[in-house]
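Chemist: Supplied in structure tokens, the structure appears directly below.
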Amino acid sequence: MQVERGHPLSHNERNPGVPLAADWFDHVAVNKPAAERRAATLTTRRTVKKEWQAAWLVNAVRCIDLTTLAGDDTPDRVRRLCAKARQPLADHILLGLGLDRLATGAVCVYPTMVSTAVKALAGTGIPVASVATGFPAGLMPLNLRLAEILYAVDQGAAEIDIVITRAHVLDANWSALYDEIAAMREACGPAHLKAILATGDLKTLRNVYKASMVAMQAGADFIKTSTGKEGVNATLPVSLVMARALRDYGARTGSRIGFKPAGGMKTAKDAIAWQILMKEELGNDWLRPELFRLGASSMLADIERQLEHHVTGRYAASSRHAIA
Amino acid sequence: MPSVSEILETMDYGPAPEATGEVAKWLSARGAFGHYIGGRFTEAGETFDVANPATGELLARVTQGTGADVQAAVKAARAALPGWSKLPGHDRARHLYALARHIQKRERFLAVLETLDNGKPIRETRDIDVPLAARHFYHHAGWAEMLEDEFPGRGPVGVCGQIIPWNFPLLMLAWKIAPALAAGNTVVLKPAEYTPLTALAFAEICAEVGLPKGVVNIVTGDGATGAALVAAEVDKIAFTGSTEVGRAIRKATAGSGKKLTLELGGKSPFVVFADADIDGAVEGVVDAIWFNQGQVCCAGSRILVQEGVAREFTERLAARMAKLRVGDPLDKSTDMGAIVDPVQLRRIRDLVARGEAEGAVLHQAECRLPAKGSFFAPGFFTDVAPANIVSEVEIFGPVATLTTFRTPEEAVELANNTRYGLAASIWSENINLALDVASRVRAGVVWVNATNVFDAAAGFGGYRESGFGREGGREGLGEYLADAKIKAKADPAPPPPETAPLREAPGIADPIDRTAKLYVGGAQKRPDSGYSYAVRGKAGVIGLAGLGNRKDIRNAVEAAHKAAGWGKATGHNRAQVLYYLAENLAARAAEFAARLKSAGGPKPAEEVAAAIRRAFWYAAQADKFDGAVHSTKSAHVTLAMPEPFGVMGIVCPTGAPLLGFVSLVLPAIAMGNRVVAVPSQAMPLAATDLYQVFDTSDLPGGVVNIVTGPRDELARTLAAHDDVAAIWYSGDADGTRMVEEESAGNLKVTWSVAHRDWSGPEGQGRSFLTRATQVKNIWVPYGE
């Protein structure tokens, strides 16, 4: 399937969700040492070299949600980011790879930056994703969080990255978690909902699995590991468990849910590692931006350096590449 | 090569071959290999070809070791022994440390060479075999350093003949050579004929680090070379390989006095309970039976799944299997490489075909196999009957069986329904259940929620027909240390039993006729033969004893098995019984002394007093001889638990009829074993007098069973009994050979016990308890 220029998620069927069914996850067994062993050997059992490595890095670029979520974000900063999203690799690299165009999967910003980003990306088909619901902690009254979603959608966001109330997971208050996400899903309207579980706050892999399942039952189109602000962000074991949860949800409902690791992934090596995880656990469809995004900002710079090396045979300097 | 755009469509992995240039250069520079004897390579003799199983291409020509070659190597090892064994531990440690460092310095070379020679994927040689081999030498450099402190009074066994298999060539070499050298032994090692190359590369490392000449000798060749090594003048044989060959070695070394350790085959259970992490367990199967192409002695090859999750598990297993990449072992993205040799491939094919013919359903990955080379697609059987050949026989290939069970009881029963006992893997999120099953499964290594986890600090080795002895850790090192020297005493051979009617009344003043019967299951039983034999004291016949035969042994063994509760009793409970026994023996001390006196014993009162002390000593040990927690990997508890064998046969010395008996029987039962004892044939009455002591001491029936009669005939029946796990024999050289030969049937553990001064320190000690137990290593990774 060739990536269309245009909203990548518009071709993906939405997840209609299902009524809360705690028996899908209540007794889930996730053995942490076993998950860690599997995660550790994923990248020792598989590797990509030469042209394949280049192609996999290009694929990572088209799955990146190029992100800026900082307190000092300004419209100019966001425009610069959008420019990078439109042209993530220098022309000579793209040419050297035999590609004519390439763009990142999306740009991800705060709600007040959405309109700037939408304008900057006009005509490119690159969707704008907005965080919402009191990102990153989410500890705001629900009506305000829902209002924030409505605002972001109104500004033109095609994807909403919501944060969940971690307390509902830690208290095992699944109906509260379900209701909150379902309400957010409704507020999203046509925009796709990506549920950030903040797995670094949930601590245990069982919690991660349960929260994943509740989010999907409530209608999340994507499940996402982290805000990037927790102490521990995306890790392979956590991603493994979430991938298995969305596989299990898919097996029960037929819905295909996307996965977005975010935060802490900075290198081209990370980009390959997460793609190996996707391919091994879920299959090639989860290597497309419709179902897979990498929430990252600095990773792109490393990928660009690696790809330049691939094209020129010389090791690259970031200072010679356009900044994000 | 496809373009980036094309790859973006397929998202294939593409080829990622490991370079072989350095190894190819080395192989062509060496030409034909000789042996490594006395610190140098010999000229190549008659050679055989060593091929790459992934391609069939010739890698090297290697010398077929002759008897003379083996003798030359043993001679070199013998010559090197005094110098090496007298070297301070610290100096030996430096050598072992250097070996470890050099393995690391050559890690990629050794990994590539191993992959070429064996066919296993480079991922495994690079990430598992070679790092573990280096780790083994580091670990044992430490043991060399502290040997005198940790094992005072113990020294090396001597020259060790070591025969290793083809499935982990360098790693098995490390497991053999590192502990041997640490303990001050010298070695002659024979690598497998399919895979001798890393051993030859290791020989070069020995030369390079300046290991004294003759400390390590490598002789290549096939089974005939191995047989010559077994027959050579060595002090110990350490063998890893098939149970069939292990049995032959047990027979060949019978009566030779050579110390023996055997690490043999397995058909290890992989038990998945309904509450397990199913994905974790599925991945465990990948690491179990699809690791090293299934050519792993401890592979979890019998998957047992609880019925409620069997369907889900099977579906996920099939889906996971379909993801495995089979092919070029040098490719870094290969999960399964080549089977070691076309001969092994044929064996796997034959067994799998027979399994299917016998009704099992084969599920096999539909992967494309390379056109040439020895490859076999991963698979597993369902609908497989317990009597199907693939349920019983070790396939030693990438094919497991999958059967279901209903309850934990049934899981244990199925897990133990095998002649082997090497390893087990147990998957459950319930720690009570997992540890309960771990304690009940008959295997030397148990992994909870894991499989095929190894470390130099933990012992590895089997129960039952998976062999005996351990490799790794403290318990493994003990196999390379000689037992403390004892002063053996001559034990007079018992005369043949006299069964003819006596011409006069026995010369004792018992008012009522008393006949010592046999003691089976806590009750006195008449001998099956219906005969008794005369027991002579210094002044003629002093009584009659039952003439036991093979059926009495059979009955006694059955009774002993029924007393299984003894092994589960607490050490404290067993101690209480032993103290009580001492108390009751003390109450009747005069009676026992009189009996010993009438038999002509030299110091009857002292012998009885010593027997009482012995009961106290083993009562004291019953709750103190415990195991260890090994320091292995982070976030793992590795428990080394001494466990009783179960049912043991004990054939007691002729002399010291009371003290010899209690000195052997008490340590065995203190550890939870049940015993079938054959007391002194000439003077069994000291033992048969104990019946009433046992009866009054709350000793459960069946824990100690006593069959009197012809020593060697009864010993033979015990040694040949497949449901007796260990036998101690105190008798003559012919008897020892006979017992060791007969023990090969079920590969029971044997101990030839020299008659000695039983009243002194040689008559008791921790070594008796070590002999009465086998160590189970239980691995429990943790983390939530």
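All residue names refer to the structure tokens as shown: chains lettered A, B, ... in order, residues numbered from 1 in each chain, ligands numbered from 1 in order.
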Report as CSV the residues of chain B within 6 Å of chain A, each with its shortest atom pair and distance in Å (one decimal), using only C-alpha atoms, ordered by chain and increasing residue number.

Modeler:
residue,atom,partner,partner_atom,distance
B:Val4,CA,A:Ala55,CA,4.9
B:Leu8,CA,A:Ala55,CA,5.7
B:Tyr13,CA,A:Val48,CA,5.4
B:Gly14,CA,A:Trp52,CA,5.9
B:Ala16,CA,A:Lys49,CA,5.9
B:Asp277,CA,A:Ala29,CA,4.6
B:Gly280,CA,A:Ala34,CA,5.3
B:Ser333,CA,A:Arg46,CA,4.2
B:Gly783,CA,A:Lys32,CA,5.8
B:Glu784,CA,A:Lys32,CA,5.5

Chemist: So that I can see what lies close to Ala176 in chain A, please list as number ranges by chain the residues with an atom at most 12 Å from it, counting only C-alpha atoms and leaving out residues fewer than 4 positions away in the same chain.

Modeler: A: 20, 142, 164-172, 180-183, 211, 214-215, 218

Chemist: Pull N, CA and C atoms from the residues just selected and write them as a PDB file, in the first residue's frame.

Modeler:
ATOM      1  N   LEU A  20     -17.868  -1.513  27.854  1.00  0.00           N
ATOM      2  CA  LEU A  20     -16.796  -1.930  28.766  1.00  0.00           C
ATOM      3  C   LEU A  20     -16.940  -3.415  29.103  1.00  0.00           C
ATOM      4  N   LEU A 142     -13.378  17.453  33.807  1.00  0.00           N
ATOM      5  CA  LEU A 142     -13.645  16.785  32.535  1.00  0.00           C
ATOM      6  C   LEU A 142     -14.243  17.742  31.509  1.00  0.00           C
ATOM      7  N   ILE A 164      -4.953  10.081  29.676  1.00  0.00           N
ATOM      8  CA  ILE A 164      -5.945   9.468  30.562  1.00  0.00           C
ATOM      9  C   ILE A 164      -5.680   9.911  31.999  1.00  0.00           C
ATOM     10  N   THR A 165      -6.670   9.724  32.825  1.00  0.00           N
ATOM     11  CA  THR A 165      -6.495   9.962  34.260  1.00  0.00           C
ATOM     12  C   THR A 165      -5.840   8.720  34.859  1.00  0.00           C
ATOM     13  N   ARG A 166      -4.570   8.869  35.173  1.00  0.00           N
ATOM     14  CA  ARG A 166      -3.825   7.693  35.666  1.00  0.00           C
ATOM     15  C   ARG A 166      -4.455   7.108  36.924  1.00  0.00           C
ATOM     16  N   ALA A 167      -5.035   8.000  37.737  1.00  0.00           N
ATOM     17  CA  ALA A 167      -5.634   7.531  38.997  1.00  0.00           C
ATOM     18  C   ALA A 167      -6.685   6.452  38.755  1.00  0.00           C
ATOM     19  N   HIS A 168      -7.403   6.565  37.641  1.00  0.00           N
ATOM     20  CA  HIS A 168      -8.434   5.554  37.365  1.00  0.00           C
ATOM     21  C   HIS A 168      -7.807   4.176  37.165  1.00  0.00           C
ATOM     22  N   VAL A 169      -6.595   4.149  36.590  1.00  0.00           N
ATOM     23  CA  VAL A 169      -5.914   2.863  36.411  1.00  0.00           C
ATOM     24  C   VAL A 169      -5.376   2.380  37.750  1.00  0.00           C
ATOM     25  N   LEU A 170      -4.730   3.306  38.460  1.00  0.00           N
ATOM     26  CA  LEU A 170      -4.122   2.899  39.726  1.00  0.00           C
ATOM     27  C   LEU A 170      -5.188   2.448  40.726  1.00  0.00           C
ATOM     28  N   ASP A 171      -6.395   3.022  40.611  1.00  0.00           N
ATOM     29  CA  ASP A 171      -7.508   2.601  41.482  1.00  0.00           C
ATOM     30  C   ASP A 171      -8.327   1.465  40.870  1.00  0.00           C
ATOM     31  N   ALA A 172      -7.960   1.039  39.693  1.00  0.00           N
ATOM     32  CA  ALA A 172      -8.727   0.018  38.964  1.00  0.00           C
ATOM     33  C   ALA A 172     -10.180   0.435  38.786  1.00  0.00           C
ATOM     34  N   GLU A 180     -14.656   8.317  30.653  1.00  0.00           N
ATOM     35  CA  GLU A 180     -13.884   9.514  30.315  1.00  0.00           C
ATOM     36  C   GLU A 180     -13.384   9.438  28.863  1.00  0.00           C
ATOM     37  N   ILE A 181     -12.839   8.289  28.500  1.00  0.00           N
ATOM     38  CA  ILE A 181     -12.306   8.181  27.143  1.00  0.00           C
ATOM     39  C   ILE A 181     -13.428   8.179  26.114  1.00  0.00           C
ATOM     40  N   ALA A 182     -14.534   7.519  26.470  1.00  0.00           N
ATOM     41  CA  ALA A 182     -15.670   7.497  25.542  1.00  0.00           C
ATOM     42  C   ALA A 182     -16.186   8.912  25.302  1.00  0.00           C
ATOM     43  N   ALA A 183     -16.217   9.718  26.365  1.00  0.00           N
ATOM     44  CA  ALA A 183     -16.667  11.106  26.219  1.00  0.00           C
ATOM     45  C   ALA A 183     -15.689  11.883  25.335  1.00  0.00           C
ATOM     46  N   ALA A 211      -5.157  -0.856  30.869  1.00  0.00           N
ATOM     47  CA  ALA A 211      -5.477   0.494  30.407  1.00  0.00           C
ATOM     48  C   ALA A 211      -5.606   0.515  28.884  1.00  0.00           C
ATOM     49  N   VAL A 214      -9.043  -0.958  28.006  1.00  0.00           N
ATOM     50  CA  VAL A 214     -10.154  -0.055  28.304  1.00  0.00           C
ATOM     51  C   VAL A 214     -10.188   1.079  27.272  1.00  0.00           C
ATOM     52  N   ALA A 215      -9.032   1.612  26.942  1.00  0.00           N
ATOM     53  CA  ALA A 215      -8.980   2.706  25.975  1.00  0.00           C
ATOM     54  C   ALA A 215      -9.548   2.263  24.625  1.00  0.00           C
ATOM     55  N   ALA A 218     -13.243   1.853  24.736  1.00  0.00           N
ATOM     56  CA  ALA A 218     -13.909   3.163  24.743  1.00  0.00           C
ATOM     57  C   ALA A 218     -13.797   3.867  23.397  1.00  0.00           C
TER      58      ALA A 218
END

Chemist: To test your reading of the structure, identify every residue in range 55-197 of chain A that backbone DSSP assigns to helix (DSSP H, G or I), and report it as number ranges by chain.

Modeler: A: 55-63, 75-86, 91-96, 111-120, 142-155, 166-170, 174-188

Chemist: For those residues, write C-alpha atoms to a file as a tab-separated table (two decimals), in the first residue's frame.

Modeler:
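Everything below was put into selection_31.tsv:
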chain	number	residue	atom	x	y	z
A	55	ALA	CA	14.35	1.82	3.44
A	56	TRP	CA	13.40	1.07	7.04
A	57	LEU	CA	14.69	4.45	8.13
A	58	VAL	CA	12.73	6.15	5.36
A	59	ASN	CA	9.70	4.26	6.55
A	60	ALA	CA	10.32	5.50	10.07
A	61	VAL	CA	10.32	9.06	8.76
A	62	ARG	CA	6.92	8.66	7.20
A	63	CYS	CA	5.64	7.28	10.51
A	75	PRO	CA	4.30	30.13	16.17
A	76	ASP	CA	7.65	30.54	14.45
A	77	ARG	CA	9.02	27.48	16.14
A	78	VAL	CA	5.97	25.53	14.99
A	79	ARG	CA	6.33	26.81	11.44
A	80	ARG	CA	9.93	25.67	11.41
A	81	LEU	CA	8.82	22.24	12.59
A	82	CYS	CA	6.20	22.10	9.86
A	83	ALA	CA	8.81	22.98	7.27
A	84	LYS	CA	10.85	20.01	8.45
A	85	ALA	CA	7.78	17.78	8.33
A	86	ARG	CA	7.21	18.76	4.70
A	91	ASP	CA	17.11	17.01	-1.30
A	92	HIS	CA	20.39	15.27	-2.13
A	93	ILE	CA	19.61	12.53	0.35
A	94	LEU	CA	16.15	12.02	-1.07
A	95	LEU	CA	17.61	11.94	-4.54
A	96	GLY	CA	20.31	9.52	-3.48
A	111	PRO	CA	-3.88	23.17	20.91
A	112	THR	CA	-2.97	26.83	20.67
A	113	MET	CA	-0.46	26.00	17.95
A	114	VAL	CA	-2.85	23.98	15.82
A	115	SER	CA	-4.02	26.80	13.58
A	116	THR	CA	-0.43	27.85	12.91
A	117	ALA	CA	0.47	24.30	11.98
A	118	VAL	CA	-2.59	23.80	9.84
A	119	LYS	CA	-1.73	26.89	7.83
A	120	ALA	CA	1.90	25.91	7.53
A	142	LEU	CA	-13.65	16.78	32.53
A	143	ASN	CA	-15.76	19.54	30.99
A	144	LEU	CA	-12.64	21.65	30.48
A	145	ARG	CA	-10.79	18.72	29.00
A	146	LEU	CA	-13.63	18.04	26.59
A	147	ALA	CA	-13.78	21.73	25.74
A	148	GLU	CA	-10.10	21.59	24.91
A	149	ILE	CA	-10.72	18.79	22.45
A	150	LEU	CA	-13.52	20.73	20.81
A	151	TYR	CA	-11.23	23.72	20.53
A	152	ALA	CA	-8.40	21.75	18.93
A	153	VAL	CA	-10.73	20.07	16.47
A	154	ASP	CA	-12.24	23.42	15.66
A	155	GLN	CA	-8.76	24.77	14.99
A	166	ARG	CA	-3.82	7.69	35.67
A	167	ALA	CA	-5.63	7.53	39.00
A	168	HIS	CA	-8.43	5.55	37.36
A	169	VAL	CA	-5.91	2.86	36.41
A	170	LEU	CA	-4.12	2.90	39.73
A	174	TRP	CA	-12.29	0.94	34.87
A	175	SER	CA	-15.76	2.36	34.35
A	176	ALA	CA	-14.52	5.87	35.17
A	177	LEU	CA	-11.65	5.41	32.74
A	178	TYR	CA	-13.94	4.03	30.10
A	179	ASP	CA	-16.51	6.81	30.49
A	180	GLU	CA	-13.88	9.51	30.31
A	181	ILE	CA	-12.31	8.18	27.14
A	182	ALA	CA	-15.67	7.50	25.54
A	183	ALA	CA	-16.67	11.11	26.22
A	184	MET	CA	-13.40	12.30	24.69
A	185	ARG	CA	-13.96	10.08	21.70
A	186	GLU	CA	-17.33	11.68	21.19
A	187	ALA	CA	-15.85	15.17	21.54
A	188	CYS	CA	-13.28	14.30	18.87

Chemist: Show me, as number ranges by chain, the residues that have an atom within 10 Å of Ala137 in chain A when counting only C-alpha atoms, minus same-chain residues fewer than 2 positions from it.

Modeler: A: 133-135, 139-140, 163-166, 198, 227, 229-230

Chemist: Which residue gives the smallest distance to Met671 in chain B among B:Phe768, B:Phe381, B:Phe396, B:Tyr97, with only C-alpha atoms counted?

Modeler: B:Phe768

Chemist: Identify, on the basis of only C-alpha atoms, every residue whose closest approach to Gln104 in chain B does not exceed 12 Å; exclude the query and any residue fewer than 2 positions from it along the same chain; express the result as a list in words.

Modeler: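 Listed by chain and then number, they are Tyr97, Ala98, Leu99, Ala100, Arg101, His102, Arg106, Glu107, Arg108, Phe109, Leu110, Ala111, Arg126, Asp127, Asp129, Val130, Pro131, Leu132, Ala133, Ala134, Arg135, His136, Phe137, Tyr138, Phe202 and Ile205 of chain B.
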
Chemist: I need the chosen residues saved as a PDB file, in the first residue's frame, with C-alpha atoms.

Modeler:
ATOM      1  CA  TYR B  97      41.476 -15.640  33.721  1.00  0.00           C
ATOM      2  CA  ALA B  98      43.734 -15.408  30.679  1.00  0.00           C
ATOM      3  CA  LEU B  99      41.694 -18.096  28.917  1.00  0.00           C
ATOM      4  CA  ALA B 100      38.506 -16.156  29.614  1.00  0.00           C
ATOM      5  CA  ARG B 101      40.046 -12.949  28.320  1.00  0.00           C
ATOM      6  CA  HIS B 102      41.271 -14.602  25.178  1.00  0.00           C
ATOM      7  CA  ARG B 106      38.370 -13.833  19.848  1.00  0.00           C
ATOM      8  CA  GLU B 107      34.612 -13.732  20.393  1.00  0.00           C
ATOM      9  CA  ARG B 108      33.592 -12.968  16.832  1.00  0.00           C
ATOM     10  CA  PHE B 109      36.092 -15.413  15.363  1.00  0.00           C
ATOM     11  CA  LEU B 110      34.875 -18.186  17.660  1.00  0.00           C
ATOM     12  CA  ALA B 111      31.222 -17.352  16.993  1.00  0.00           C
ATOM     13  CA  ARG B 126      27.491 -14.536  19.288  1.00  0.00           C
ATOM     14  CA  ASP B 127      25.011 -13.856  22.119  1.00  0.00           C
ATOM     15  CA  ASP B 129      27.558 -19.795  23.350  1.00  0.00           C
ATOM     16  CA  VAL B 130      30.685 -17.676  23.331  1.00  0.00           C
ATOM     17  CA  PRO B 131      29.739 -15.238  26.142  1.00  0.00           C
ATOM     18  CA  LEU B 132      28.706 -18.158  28.356  1.00  0.00           C
ATOM     19  CA  ALA B 133      31.974 -19.955  27.620  1.00  0.00           C
ATOM     20  CA  ALA B 134      33.956 -16.878  28.667  1.00  0.00           C
ATOM     21  CA  ARG B 135      31.764 -16.490  31.728  1.00  0.00           C
ATOM     22  CA  HIS B 136      32.521 -20.077  32.699  1.00  0.00           C
ATOM     23  CA  PHE B 137      36.257 -19.492  32.658  1.00  0.00           C
ATOM     24  CA  TYR B 138      35.930 -16.263  34.640  1.00  0.00           C
ATOM     25  CA  PHE B 202      40.792 -23.202  21.867  1.00  0.00           C
ATOM     26  CA  ILE B 205      44.430 -20.115  22.807  1.00  0.00           C
TER      27      ILE B 205
END

Chemist: With only C-alpha atoms as the counted atoms, please give the residues lying no more than 9 Å from Gly548 in chain B, apart from itself and same-chain residues fewer than 2 positions off, as a PyMOL selection string.

Modeler: chain B and resi 518+526-532+545-546+550-553+707-710+714
